[in-house]
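Engineer: Okay, here's the structure, questions in a sec.
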Amino acid sequence: MTAPPSPQEPVTVRVFTQRLSSTPRGARLARHLALAQLHAWGVPLDTAAAKAVAVIVAELAANAVTHGRVPGRDFELRLALVPGSVRVEVGDTRTGPRPPGPGDVRVPGADEETGRGLVLVDALADRWEVVGRRPPPGKTVRAEVDLPGWLSLVAAARDAASGRRREDR
């Protein structure tokens, strides 16, 4: 004899993916979409984590548009609410030299006009790396920002969804 199955909450995967044009407008839109998605997930936008994610998305999107642009090809923004953090991934389709990874980022001189994007990512992300893009060609820069109190965000989102389901009946 087997026990009857216990009711389980539906699993909600919290992932957001969007392809954007490799233009300055696409880079700006990436930042706005990231903030809207954080808000939808219940992450307060006035927190240090949300502000860090906004800057990281802005810098990585700007890099994808500036250094990873291939005419006619988009770049991709991917956000994921993973246990304890928000993961940001920005991928482009340019082959060639990969950007420096953690520990290899050179701080530009005061008179240099470029080169600060990955310095900011390195300072704001709790973890980050450069990985090959799947499917090739290209590369993806992945960064994570720790999200204090993420369990309460997940519970609040679950409760809000449960409340909506009850109201819909």
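Labels for the structure tokens follow display order: chains A, B, ..., residues from 1 in each chain, ligands from 1.
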Within chain A, find each residue whose DSSP state, derived from the backbone, is helix (DSSP H, G or I), and express the selection as a JSON list (two decimals) with N, CA, C and O atoms, in the first residue's frame.

Structural biologist:
[["chain", "number", "residue", "atom", "x", "y", "z"],
["A", 24, "PRO", "N", 23.12, 51.22, -28.54],
["A", 24, "PRO", "CA", 23.00, 51.90, -27.25],
["A", 24, "PRO", "C", 21.58, 51.84, -26.69],
["A", 24, "PRO", "O", 21.38, 51.70, -25.49],
["A", 25, "ARG", "N", 20.59, 51.90, -27.57],
["A", 25, "ARG", "CA", 19.20, 51.79, -27.11],
["A", 25, "ARG", "C", 18.93, 50.42, -26.48],
["A", 25, "ARG", "O", 18.26, 50.30, -25.46],
["A", 26, "GLY", "N", 19.48, 49.36, -27.09],
["A", 26, "GLY", "CA", 19.34, 48.01, -26.53],
["A", 26, "GLY", "C", 19.99, 47.91, -25.16],
["A", 26, "GLY", "O", 19.46, 47.26, -24.24],
["A", 27, "ALA", "N", 21.14, 48.54, -24.99],
["A", 27, "ALA", "CA", 21.84, 48.52, -23.70],
["A", 27, "ALA", "C", 21.03, 49.24, -22.63],
["A", 27, "ALA", "O", 20.91, 48.77, -21.50],
["A", 28, "ARG", "N", 20.45, 50.40, -22.97],
["A", 28, "ARG", "CA", 19.59, 51.12, -22.01],
["A", 28, "ARG", "C", 18.37, 50.30, -21.65],
["A", 28, "ARG", "O", 17.98, 50.22, -20.48],
["A", 29, "LEU", "N", 17.77, 49.67, -22.65],
["A", 29, "LEU", "CA", 16.59, 48.85, -22.41],
["A", 29, "LEU", "C", 16.91, 47.67, -21.49],
["A", 29, "LEU", "O", 16.08, 47.30, -20.65],
["A", 30, "ALA", "N", 18.09, 47.11, -21.61],
["A", 30, "ALA", "CA", 18.49, 45.99, -20.76],
["A", 30, "ALA", "C", 18.44, 46.40, -19.28],
["A", 30, "ALA", "O", 17.92, 45.66, -18.44],
["A", 31, "ARG", "N", 18.94, 47.57, -18.98],
["A", 31, "ARG", "CA", 18.93, 48.04, -17.59],
["A", 31, "ARG", "C", 17.49, 48.24, -17.10],
["A", 31, "ARG", "O", 17.14, 47.83, -16.00],
["A", 32, "HIS", "N", 16.66, 48.86, -17.92],
["A", 32, "HIS", "CA", 15.27, 49.10, -17.53],
["A", 32, "HIS", "C", 14.52, 47.78, -17.34],
["A", 32, "HIS", "O", 13.75, 47.63, -16.38],
["A", 33, "LEU", "N", 14.74, 46.83, -18.23],
["A", 33, "LEU", "CA", 14.09, 45.53, -18.10],
["A", 33, "LEU", "C", 14.55, 44.79, -16.85],
["A", 33, "LEU", "O", 13.75, 44.12, -16.17],
["A", 34, "ALA", "N", 15.83, 44.90, -16.53],
["A", 34, "ALA", "CA", 16.36, 44.25, -15.33],
["A", 34, "ALA", "C", 15.69, 44.81, -14.08],
["A", 34, "ALA", "O", 15.28, 44.05, -13.19],
["A", 35, "LEU", "N", 15.57, 46.12, -14.01],
["A", 35, "LEU", "CA", 14.91, 46.73, -12.84],
["A", 35, "LEU", "C", 13.44, 46.33, -12.77],
["A", 35, "LEU", "O", 12.92, 46.04, -11.68],
["A", 36, "ALA", "N", 12.76, 46.29, -13.90],
["A", 36, "ALA", "CA", 11.36, 45.88, -13.91],
["A", 36, "ALA", "C", 11.22, 44.43, -13.45],
["A", 36, "ALA", "O", 10.29, 44.09, -12.70],
["A", 37, "GLN", "N", 12.15, 43.58, -13.86],
["A", 37, "GLN", "CA", 12.09, 42.18, -13.45],
["A", 37, "GLN", "C", 12.37, 42.02, -11.96],
["A", 37, "GLN", "O", 11.70, 41.24, -11.27],
["A", 38, "LEU", "N", 13.35, 42.75, -11.44],
["A", 38, "LEU", "CA", 13.60, 42.70, -10.00],
["A", 38, "LEU", "C", 12.35, 43.11, -9.22],
["A", 38, "LEU", "O", 11.98, 42.47, -8.23],
["A", 39, "HIS", "N", 11.71, 44.17, -9.68],
["A", 39, "HIS", "CA", 10.47, 44.63, -9.04],
["A", 39, "HIS", "C", 9.40, 43.54, -9.10],
["A", 39, "HIS", "O", 8.72, 43.28, -8.10],
["A", 40, "ALA", "N", 9.26, 42.89, -10.24],
["A", 40, "ALA", "CA", 8.27, 41.82, -10.39],
["A", 40, "ALA", "C", 8.56, 40.65, -9.45],
["A", 40, "ALA", "O", 7.64, 39.98, -8.98],
["A", 48, "ALA", "N", 20.79, 47.84, -1.82],
["A", 48, "ALA", "CA", 22.12, 47.81, -2.40],
["A", 48, "ALA", "C", 22.22, 46.73, -3.47],
["A", 48, "ALA", "O", 22.87, 46.93, -4.50],
["A", 49, "ALA", "N", 21.57, 45.59, -3.25],
["A", 49, "ALA", "CA", 21.63, 44.50, -4.22],
["A", 49, "ALA", "C", 20.99, 44.91, -5.54],
["A", 49, "ALA", "O", 21.55, 44.67, -6.62],
["A", 50, "ALA", "N", 19.82, 45.52, -5.50],
["A", 50, "ALA", "CA", 19.14, 45.94, -6.73],
["A", 50, "ALA", "C", 19.95, 47.00, -7.46],
["A", 50, "ALA", "O", 20.05, 46.98, -8.69],
["A", 51, "LYS", "N", 20.51, 47.93, -6.72],
["A", 51, "LYS", "CA", 21.32, 48.98, -7.35],
["A", 51, "LYS", "C", 22.58, 48.37, -7.99],
["A", 51, "LYS", "O", 22.98, 48.79, -9.08],
["A", 52, "ALA", "N", 23.18, 47.39, -7.33],
["A", 52, "ALA", "CA", 24.35, 46.72, -7.89],
["A", 52, "ALA", "C", 23.99, 45.97, -9.18],
["A", 52, "ALA", "O", 24.71, 46.05, -10.18],
["A", 53, "VAL", "N", 22.86, 45.28, -9.16],
["A", 53, "VAL", "CA", 22.41, 44.57, -10.36],
["A", 53, "VAL", "C", 22.20, 45.55, -11.51],
["A", 53, "VAL", "O", 22.60, 45.30, -12.64],
["A", 54, "ALA", "N", 21.59, 46.70, -11.23],
["A", 54, "ALA", "CA", 21.34, 47.70, -12.28],
["A", 54, "ALA", "C", 22.65, 48.18, -12.91],
["A", 54, "ALA", "O", 22.75, 48.28, -14.14],
["A", 55, "VAL", "N", 23.65, 48.45, -12.09],
["A", 55, "VAL", "CA", 24.94, 48.92, -12.62],
["A", 55, "VAL", "C", 25.62, 47.80, -13.39],
["A", 55, "VAL", "O", 26.17, 48.03, -14.48],
["A", 56, "ILE", "N", 25.59, 46.58, -12.87],
["A", 56, "ILE", "CA", 26.22, 45.45, -13.55],
["A", 56, "ILE", "C", 25.58, 45.22, -14.91],
["A", 56, "ILE", "O", 26.27, 45.05, -15.92],
["A", 57, "VAL", "N", 24.26, 45.21, -14.97],
["A", 57, "VAL", "CA", 23.57, 45.03, -16.25],
["A", 57, "VAL", "C", 23.96, 46.15, -17.21],
["A", 57, "VAL", "O", 24.25, 45.91, -18.38],
["A", 58, "ALA", "N", 23.95, 47.38, -16.73],
["A", 58, "ALA", "CA", 24.28, 48.52, -17.59],
["A", 58, "ALA", "C", 25.70, 48.39, -18.16],
["A", 58, "ALA", "O", 25.91, 48.60, -19.36],
["A", 59, "GLU", "N", 26.65, 48.02, -17.32],
["A", 59, "GLU", "CA", 28.03, 47.92, -17.78],
["A", 59, "GLU", "C", 28.23, 46.74, -18.72],
["A", 59, "GLU", "O", 28.90, 46.87, -19.75],
["A", 60, "LEU", "N", 27.66, 45.58, -18.39],
["A", 60, "LEU", "CA", 27.83, 44.42, -19.26],
["A", 60, "LEU", "C", 27.12, 44.61, -20.59],
["A", 60, "LEU", "O", 27.62, 44.20, -21.64],
["A", 61, "ALA", "N", 25.94, 45.23, -20.56],
["A", 61, "ALA", "CA", 25.23, 45.50, -21.81],
["A", 61, "ALA", "C", 26.01, 46.50, -22.66],
["A", 61, "ALA", "O", 26.12, 46.34, -23.89],
["A", 62, "ALA", "N", 26.55, 47.53, -22.04],
["A", 62, "ALA", "CA", 27.36, 48.51, -22.77],
["A", 62, "ALA", "C", 28.59, 47.83, -23.39],
["A", 62, "ALA", "O", 28.95, 48.11, -24.54],
["A", 63, "ASN", "N", 29.21, 46.93, -22.65],
["A", 63, "ASN", "CA", 30.36, 46.20, -23.19],
["A", 63, "ASN", "C", 29.95, 45.31, -24.36],
["A", 63, "ASN", "O", 30.66, 45.21, -25.37],
["A", 64, "ALA", "N", 28.79, 44.64, -24.25],
["A", 64, "ALA", "CA", 28.31, 43.78, -25.34],
["A", 64, "ALA", "C", 28.07, 44.59, -26.60],
["A", 64, "ALA", "O", 28.37, 44.15, -27.71],
["A", 65, "VAL", "N", 27.54, 45.79, -26.42],
["A", 65, "VAL", "CA", 27.24, 46.66, -27.57],
["A", 65, "VAL", "C", 28.52, 47.26, -28.14],
["A", 65, "VAL", "O", 28.68, 47.37, -29.36],
["A", 66, "THR", "N", 29.45, 47.62, -27.28],
["A", 66, "THR", "CA", 30.67, 48.30, -27.72],
["A", 66, "THR", "C", 31.73, 47.32, -28.23],
["A", 66, "THR", "O", 32.30, 47.51, -29.30],
["A", 117, "GLY", "N", 34.20, 49.54, -16.97],
["A", 117, "GLY", "CA", 33.04, 48.68, -16.85],
["A", 117, "GLY", "C", 33.29, 47.44, -16.02],
["A", 117, "GLY", "O", 32.58, 47.15, -15.06],
["A", 118, "LEU", "N", 34.32, 46.67, -16.38],
["A", 118, "LEU", "CA", 34.61, 45.45, -15.62],
["A", 118, "LEU", "C", 35.19, 45.75, -14.24],
["A", 118, "LEU", "O", 35.06, 44.93, -13.33],
["A", 119, "VAL", "N", 35.79, 46.92, -14.07],
["A", 119, "VAL", "CA", 36.24, 47.32, -12.73],
["A", 119, "VAL", "C", 35.02, 47.46, -11.82],
["A", 119, "VAL", "O", 35.02, 47.01, -10.67],
["A", 120, "LEU", "N", 33.94, 48.07, -12.35],
["A", 120, "LEU", "CA", 32.70, 48.19, -11.57],
["A", 120, "LEU", "C", 32.08, 46.83, -11.29],
["A", 120, "LEU", "O", 31.62, 46.55, -10.18],
["A", 121, "VAL", "N", 32.04, 45.96, -12.31],
["A", 121, "VAL", "CA", 31.49, 44.62, -12.12],
["A", 121, "VAL", "C", 32.29, 43.89, -11.04],
["A", 121, "VAL", "O", 31.72, 43.27, -10.14],
["A", 122, "ASP", "N", 33.61, 43.99, -11.12],
["A", 122, "ASP", "CA", 34.48, 43.34, -10.14],
["A", 122, "ASP", "C", 34.21, 43.86, -8.72],
["A", 122, "ASP", "O", 34.24, 43.11, -7.75],
["A", 123, "ALA", "N", 33.93, 45.15, -8.61],
["A", 123, "ALA", "CA", 33.70, 45.75, -7.29],
["A", 123, "ALA", "C", 32.31, 45.43, -6.74],
["A", 123, "ALA", "O", 32.15, 45.26, -5.53],
["A", 124, "LEU", "N", 31.30, 45.33, -7.62],
["A", 124, "LEU", "CA", 29.92, 45.19, -7.15],
["A", 124, "LEU", "C", 29.43, 43.74, -7.06],
["A", 124, "LEU", "O", 28.55, 43.44, -6.26],
["A", 150, "TRP", "N", 16.50, 36.53, 0.74],
["A", 150, "TRP", "CA", 15.86, 36.01, -0.47],
["A", 150, "TRP", "C", 14.75, 35.02, -0.15],
["A", 150, "TRP", "O", 13.77, 34.94, -0.88],
["A", 151, "LEU", "N", 14.87, 34.29, 0.94],
["A", 151, "LEU", "CA", 13.80, 33.34, 1.30],
["A", 151, "LEU", "C", 12.49, 34.06, 1.57],
["A", 151, "LEU", "O", 11.43, 33.58, 1.18],
["A", 152, "SER", "N", 12.56, 35.22, 2.21],
["A", 152, "SER", "CA", 11.33, 35.96, 2.46],
["A", 152, "SER", "C", 10.73, 36.48, 1.17],
["A", 152, "SER", "O", 9.51, 36.57, 1.03],
["A", 153, "LEU", "N", 11.57, 36.80, 0.17],
["A", 153, "LEU", "CA", 11.05, 37.23, -1.14],
["A", 153, "LEU", "C", 10.32, 36.10, -1.83],
["A", 153, "LEU", "O", 9.24, 36.29, -2.40],
["A", 154, "VAL", "N", 10.90, 34.90, -1.77],
["A", 154, "VAL", "CA", 10.26, 33.74, -2.39],
["A", 154, "VAL", "C", 8.94, 33.44, -1.70],
["A", 154, "VAL", "O", 7.93, 33.18, -2.35],
["A", 155, "ALA", "N", 8.93, 33.50, -0.37],
["A", 155, "ALA", "CA", 7.70, 33.24, 0.38],
["A", 155, "ALA", "C", 6.64, 34.29, 0.06],
["A", 155, "ALA", "O", 5.47, 33.97, -0.13],
["A", 156, "ALA", "N", 7.03, 35.55, -0.03],
["A", 156, "ALA", "CA", 6.08, 36.62, -0.34],
["A", 156, "ALA", "C", 5.51, 36.44, -1.74],
["A", 156, "ALA", "O", 4.30, 36.63, -1.96],
["A", 157, "ALA", "N", 6.35, 36.05, -2.69],
["A", 157, "ALA", "CA", 5.87, 35.82, -4.05],
["A", 157, "ALA", "C", 4.91, 34.64, -4.08],
["A", 157, "ALA", "O", 3.88, 34.67, -4.76],
["A", 158, "ARG", "N", 5.22, 33.60, -3.32],
["A", 158, "ARG", "CA", 4.33, 32.43, -3.25],
["A", 158, "ARG", "C", 3.00, 32.81, -2.63],
["A", 158, "ARG", "O", 1.94, 32.45, -3.12],
["A", 159, "ASP", "N", 3.05, 33.58, -1.54],
["A", 159, "ASP", "CA", 1.81, 34.01, -0.88],
["A", 159, "ASP", "C", 0.98, 34.91, -1.79],
["A", 159, "ASP", "O", -0.24, 34.79, -1.85],
["A", 160, "ALA", "N", 1.64, 35.79, -2.51],
["A", 160, "ALA", "CA", 0.92, 36.67, -3.43],
["A", 160, "ALA", "C", 0.25, 35.86, -4.53],
["A", 160, "ALA", "O", -0.89, 36.11, -4.90],
["A", 161, "ALA", "N", 0.97, 34.85, -5.06],
["A", 161, "ALA", "CA", 0.39, 34.00, -6.10],
["A", 161, "ALA", "C", -0.77, 33.19, -5.54],
["A", 161, "ALA", "O", -1.79, 33.03, -6.20],
["A", 162, "SER", "N", -0.64, 32.71, -4.32],
["A", 162, "SER", "CA", -1.73, 31.95, -3.69],
["A", 162, "SER", "C", -2.94, 32.83, -3.48],
["A", 162, "SER", "O", -4.08, 32.42, -3.70],
["A", 163, "GLY", "N", -2.72, 34.07, -3.06],
["A", 163, "GLY", "CA", -3.82, 35.02, -2.86],
["A", 163, "GLY", "C", -4.54, 35.32, -4.15],
["A", 163, "GLY", "O", -5.77, 35.39, -4.21],
["A", 164, "ARG", "N", -3.78, 35.46, -5.24],
["A", 164, "ARG", "CA", -4.40, 35.72, -6.54],
["A", 164, "ARG", "C", -5.22, 34.52, -6.99],
["A", 164, "ARG", "O", -6.29, 34.66, -7.51],
["A", 165, "ARG", "N", -4.70, 33.32, -6.76],
["A", 165, "ARG", "CA", -5.44, 32.13, -7.16],
["A", 165, "ARG", "C", -6.75, 32.03, -6.41],
["A", 165, "ARG", "O", -7.77, 31.67, -6.95],
["A", 166, "ARG", "N", -6.74, 32.37, -5.11],
["A", 166, "ARG", "CA", -7.97, 32.31, -4.32],
["A", 166, "ARG", "C", -8.98, 33.35, -4.80],
["A", 166, "ARG", "O", -10.17, 33.10, -4.87],
["A", 167, "GLU", "N", -8.48, 34.55, -5.15],
["A", 167, "GLU", "CA", -9.35, 35.61, -5.62],
["A", 167, "GLU", "C", -9.97, 35.28, -6.97],
["A", 167, "GLU", "O", -11.07, 35.70, -7.29],
["A", 168, "ASP", "N", -9.22, 34.53, -7.79],
["A", 168, "ASP", "CA", -9.70, 34.19, -9.12],
["A", 168, "ASP", "C", -10.84, 33.18, -9.09],
["A", 168, "ASP", "O", -11.57, 33.04, -10.04]]

Engineer: Using only C-alpha atoms, which residues sit within 6 Å of range 73-89 of chain A once same-chain residues fewer than 5 positions away are excluded, as a list in words?

Structural biologist: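 These residues fall inside the cut-off: Arg14, Val15, Phe16, Thr17, Gln18, Arg19, Leu20, Ser21, Ser22, Val141, Arg142, Ala143, Glu144, Val145, Asp146, Leu147 and Trp150 of chain A.
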
Engineer: Can you tell me how far CA of Pro71 in chain A sits from CA of Arg116 in chain A, in Å to one decimal?

Structural biologist: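 So the answer is 24.3 Å.
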
Engineer: Please run DSSP on the backbone and report, as number ranges by chain, all residues within chain A that come out as strand (DSSP E).

Structural biologist: A: 15-20, 75-82, 85-92, 127-132, 139-146

Engineer: Do you know which residues are at most 9 Å from Val130 in chain A counting only C-alpha atoms, after dropping those on the same chain fewer than 6 positions away, and could you put them as a list in words?

Structural biologist: Arg98, Pro99, Pro100, Gly101, Pro102, Lys139, Thr140, Val141, Arg142 and Ala143 of chain A

Engineer: Please compute the CA of Glu129 in chain A-CA of Gly91 in chain A distance, one decimal, in Å.

Structural biologist: 12.0 Å

Engineer: Would you work out the distance separating CA of Arg127 in chain A from CA of Thr93 in chain A, expressed in Å to one decimal?

Structural biologist: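 Answer for the CA of Arg127 in chain A to CA of Thr93 in chain A separation: 22.8 Å.
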